[in-house]
file my_file01.tsv (TSV, C-alpha atoms)
chain	number	residue	atom	x	y	z
R	1	MET	CA	10.67	121.89	24.71
R	2	PRO	CA	13.22	119.15	23.88
R	3	THR	CA	16.79	120.09	23.16
R	4	THR	CA	18.11	119.97	19.60
R	5	ASP	CA	21.69	119.27	20.64
R	6	THR	CA	23.03	116.21	18.80
R	7	SER	CA	25.17	115.27	21.78
R	8	THR	CA	22.16	114.18	23.87
R	9	ALA	CA	22.07	110.61	25.13
R	10	ALA	CA	19.51	109.61	22.47
R	11	GLY	CA	21.59	111.24	19.73
R	12	LYS	CA	24.70	109.44	20.95
R	13	ARG	CA	22.88	106.10	20.99
R	14	ALA	CA	21.49	106.65	17.49
R	15	GLY	CA	24.87	107.74	16.17
R	16	THR	CA	26.59	104.76	17.74
R	17	ALA	CA	24.01	102.35	16.30
R	18	VAL	CA	24.19	103.78	12.76
R	19	ALA	CA	28.00	103.93	12.90
R	20	ALA	CA	28.12	100.31	14.12
R	21	LEU	CA	25.89	99.17	11.24
R	22	LEU	CA	28.06	100.99	8.69
R	23	THR	CA	31.24	99.61	10.26
R	24	ALA	CA	29.89	96.04	10.19
R	25	ASP	CA	28.91	96.51	6.54
R	26	ALA	CA	32.38	97.87	5.73
R	27	LEU	CA	34.02	94.89	7.44
R	28	LEU	CA	31.82	92.46	5.49
R	29	HIS	CA	32.83	94.15	2.23
R	30	ALA	CA	36.49	93.93	3.25
R	31	PHE	CA	36.02	90.24	4.06
R	32	TRP	CA	34.43	89.61	0.64
R	33	ALA	CA	37.31	91.49	-0.99
R	34	THR	CA	39.59	88.65	0.21
R	35	GLY	CA	37.68	86.27	-2.10
R	36	SER	CA	35.40	84.73	0.52
R	37	THR	CA	31.77	84.23	-0.45
R	38	TRP	CA	30.40	83.54	3.04
R	39	PRO	CA	27.52	83.07	3.75
R	40	ALA	CA	26.83	81.98	0.15
R	41	GLY	CA	28.46	79.11	-1.69
R	42	SER	CA	29.63	81.13	-4.69
R	43	THR	CA	30.16	84.67	-5.93
R	44	GLU	CA	27.05	84.36	-8.11
R	45	ALA	CA	24.90	83.21	-5.19
R	46	LEU	CA	26.28	85.99	-2.98
R	47	SER	CA	25.61	88.60	-5.64
R	48	GLN	CA	22.07	87.35	-6.28
R	49	GLY	CA	21.28	87.07	-2.55
R	50	LEU	CA	22.54	90.57	-1.72
R	51	LEU	CA	21.81	92.56	-4.84
R	52	ASN	CA	19.39	90.54	-7.01
R	53	ALA	CA	21.90	90.95	-9.84
R	54	ASP	CA	25.20	89.54	-11.09
R	55	VAL	CA	27.81	91.98	-9.84
R	56	PRO	CA	31.54	91.27	-9.49
R	57	PHE	CA	32.74	90.88	-5.93
R	58	THR	CA	36.31	92.00	-6.58
R	59	PRO	CA	38.60	94.19	-4.47
R	60	ARG	CA	38.35	96.89	-7.14
R	61	VAL	CA	34.60	97.11	-6.50
R	62	LEU	CA	34.50	96.28	-2.78
R	63	LEU	CA	37.36	98.33	-1.33
R	64	PRO	CA	35.96	101.72	-2.43
R	65	LEU	CA	32.67	100.67	-0.80
R	66	CYS	CA	34.62	99.88	2.39
R	67	ALA	CA	36.11	103.37	2.34
R	68	LEU	CA	32.72	104.98	1.71
R	69	LEU	CA	31.04	103.00	4.50
R	70	GLY	CA	33.93	103.71	6.89
R	71	THR	CA	33.76	107.44	6.14
R	72	GLY	CA	30.03	107.34	6.77
R	73	ALA	CA	30.53	105.56	10.09
R	74	VAL	CA	33.13	108.06	11.30
R	75	GLY	CA	31.04	111.03	10.15
R	76	VAL	CA	27.84	109.84	11.82
R	77	TYR	CA	29.63	108.94	15.03
R	78	ALA	CA	31.38	112.32	15.15
R	79	HIS	CA	28.17	114.20	14.39
R	80	SER	CA	26.29	112.36	17.15
R	81	ARG	CA	28.85	113.73	19.59
R	82	GLY	CA	28.71	117.31	18.33
R	83	ARG	CA	32.06	116.98	16.52
R	84	GLY	CA	33.09	117.53	12.93
R	85	GLY	CA	30.96	120.59	12.23
R	86	ARG	CA	29.20	120.86	8.90
R	87	ILE	CA	31.27	118.08	7.33
R	88	SER	CA	29.98	115.44	9.76
R	89	ALA	CA	26.47	116.89	9.48
R	90	LEU	CA	26.62	116.55	5.69
R	91	ILE	CA	28.00	113.01	5.92
R	92	THR	CA	25.17	112.09	8.29
R	93	ALA	CA	22.64	113.59	5.86
R	94	ALA	CA	24.23	111.64	2.98
R	95	VAL	CA	23.99	108.41	4.98
R	96	ALA	CA	20.33	109.13	5.73
R	97	ALA	CA	19.66	109.85	2.04
R	98	GLY	CA	21.41	106.65	0.96
R	99	LEU	CA	19.42	104.58	3.41
R	100	ALA	CA	16.19	106.30	2.30
R	101	ILE	CA	16.93	105.44	-1.32
R	102	ARG	CA	17.67	101.81	-0.42
R	103	SER	CA	14.50	101.68	1.69
R	104	THR	CA	12.40	102.97	-1.19
R	105	ALA	CA	13.92	100.43	-3.58
R	106	GLY	CA	13.33	97.72	-0.98
R	107	LEU	CA	9.66	98.62	-0.72
R	108	VAL	CA	9.33	98.44	-4.51
R	109	TRP	CA	11.01	95.01	-4.52
R	110	ALA	CA	8.81	93.92	-1.59
R	111	VAL	CA	5.68	94.23	-3.72
R	112	GLY	CA	7.31	92.09	-6.40
R	113	ILE	CA	8.44	94.72	-8.87
R	114	GLY	CA	11.88	93.70	-10.15
R	115	SER	CA	12.20	90.84	-7.70
R	116	ASP	CA	11.11	87.21	-7.95
R	117	PRO	CA	8.94	86.54	-4.88
R	118	GLY	CA	10.45	83.04	-4.56
R	119	SER	CA	14.07	84.19	-4.55
R	120	THR	CA	16.47	84.31	-1.64
R	121	PHE	CA	16.93	88.03	-2.30
R	122	HIS	CA	13.18	88.68	-2.00
R	123	ARG	CA	12.97	86.90	1.37
R	124	LEU	CA	16.10	88.64	2.71
R	125	ASN	CA	14.84	91.98	1.42
R	126	LEU	CA	11.55	91.55	3.32
R	127	ALA	CA	13.05	90.17	6.51
R	128	VAL	CA	16.36	92.03	6.82
R	129	TYR	CA	17.47	94.59	4.25
R	130	THR	CA	14.43	96.87	4.03
R	131	PRO	CA	13.53	96.87	7.76
R	132	VAL	CA	17.16	97.61	8.71
R	133	CYS	CA	17.43	100.41	6.14
R	134	LEU	CA	14.11	101.92	7.26
R	135	ALA	CA	15.02	101.88	10.96
R	136	PHE	CA	18.61	103.06	10.62
R	137	GLY	CA	17.70	105.54	7.88
R	138	TYR	CA	15.13	107.07	10.21
R	139	ALA	CA	17.71	107.30	13.00
R	140	ALA	CA	20.29	108.89	10.68
R	141	ALA	CA	17.72	111.36	9.32
R	142	ARG	CA	16.66	112.47	12.80
R	143	LEU	CA	20.28	112.87	13.77
R	144	ALA	CA	21.09	114.82	10.60
R	145	LEU	CA	18.07	117.12	10.96
R	146	THR	CA	18.86	117.78	14.60
R	147	GLY	CA	22.35	118.88	13.66
R	148	PHE	CA	21.15	121.23	10.93
R	149	ARG	CA	18.66	122.88	13.28
R	150	ARG	CA	21.43	123.30	15.85
R	151	THR	CA	23.79	125.16	13.52
R	152	ARG	CA	21.95	128.38	12.90
R	153	SER	CA	23.08	130.89	10.37
R	154	ARG	CA	24.36	134.15	11.83
R	155	LEU	CA	24.69	137.47	10.16
R	156	PRO	CA	28.22	138.81	10.26
R	157	ARG	CA	28.78	141.52	12.81
R	158	THR	CA	29.76	144.86	11.42
R	159	ARG	CA	31.17	147.85	13.19
R	160	ALA	CA	29.14	151.00	13.09
R	161	THR	CA	30.74	153.66	10.91
R	162	GLY	CA	32.42	156.52	12.72
R	163	ARG	CA	32.86	154.69	16.01
call {"tool": "encode", "arguments": {"input": "my_file01.tsv", "output": "structure tokens"}}
result
Amino acid sequence: MPTTDTSTAAGKRAGTAVAALLTADALLHAFWATGSTWPAGSTEALSQGLLNADVPFTPRVLLPLCALLGTGAVGVYAHSRGRGGRISALITAAVAAGLAIRSTAGLVWAVGIGSDPGSTFHRLNLAVYTPVCLAFGYAAARLALTGFRRTRSRLPRTRATGR
């Protein structure tokens, strides 16, 4: 029977991969917070290409996302190494849930609901966003579930009366 320890080689690889994705995403958000619109030509094009909506790309919006993504990266990485206890397990579960929600939305957009099939967003959603969220969401979910199985609940020990 396979081990359920999150510090196995596969768990470490999955944790490193998910943490690397979250870190890269955090760094991109920090870069956009400087006012850059790369790889798009304008804030509007960037917003439409990434989100299929007009959303402000300002430090006030982007820096909290950087912090959230960075916290997720640290939590997943720690959990994959058996560190951080329940906090890192909960962060890993939250990352998995977030990626599952984005995957579900991506599948809805992929069939053309709420997304123009000719748009840049639609093509990127099909080719990049949804596949990445599905794969990394699966990895994060497996990692999170492994950690919750590993931490079993114990009944408190009590002393027998009169002894």
call {"tool": "closest_residue", "arguments": {"input": "my_file01.tsv", "among": "R:Val132, R:Ala10, R:Val61, R:Leu124", "to": "Gly49 (chain R)", "atoms": "all atoms listed in the file"}}
result
R:Leu124
call {"tool": "residues_near_point", "arguments": {"input": "my_file01.tsv", "point": "(24.2, 102.9, 4.5)", "cutoff": "8 Å", "atoms": "only C-alpha atoms", "output": "list in words"}}
result
Leu21, Leu22, Leu69, Gly72, Val95, Ala96, Gly98, Leu99, Cys133 and Gly137 of chain R
call {"tool": "atom_distance", "arguments": {"input": "my_file01.tsv", "atom1": "CA of Gln48 (chain R)", "atom2": "CA of Asn125 (chain R)"}}
result
11.5 Å
call {"tool": "atom_distance", "arguments": {"input": "my_file01.tsv", "atom1": "CA of Leu143 (chain R)", "atom2": "CA of Val128 (chain R)"}}
result
22.3 Å
call {"tool": "atom_distance", "arguments": {"input": "my_file01.tsv", "atom1": "CA of Ala67 (chain R)", "atom2": "CA of Ile91 (chain R)"}}
result
13.1 Å
call {"tool": "closest_residue", "arguments": {"input": "my_file01.tsv", "among": "R:Gly75, R:Gly106, R:Gly70, R:Pro117", "to": "Ala140 (chain R)", "atoms": "all atoms listed in the file"}}
result
R:Gly75
call {"tool": "closest_residue", "arguments": {"input": "my_file01.tsv", "among": "R:Leu51, R:Leu46, R:Ile113, R:Cys66", "to": "Ala26 (chain R)", "atoms": "only C-alpha atoms"}}
result
R:Cys66
call {"tool": "residues_around", "arguments": {"input": "my_file01.tsv", "residues": "Gly15 (chain R)", "least_positions_apart": "3", "cutoff": "8 Å", "atoms": "all atoms listed in the file", "output": "VMD selection string"}}
result
chain R and resid 11 to 12 18 to 19 76 to 77 79 to 81 139 to 140 143
call {"tool": "closest_residue", "arguments": {"input": "my_file01.tsv", "among": "R:Thr58, R:Gly41, R:Arg142, R:Trp109", "to": "Ala89 (chain R)", "atoms": "only C-alpha atoms"}}
result
R:Arg142
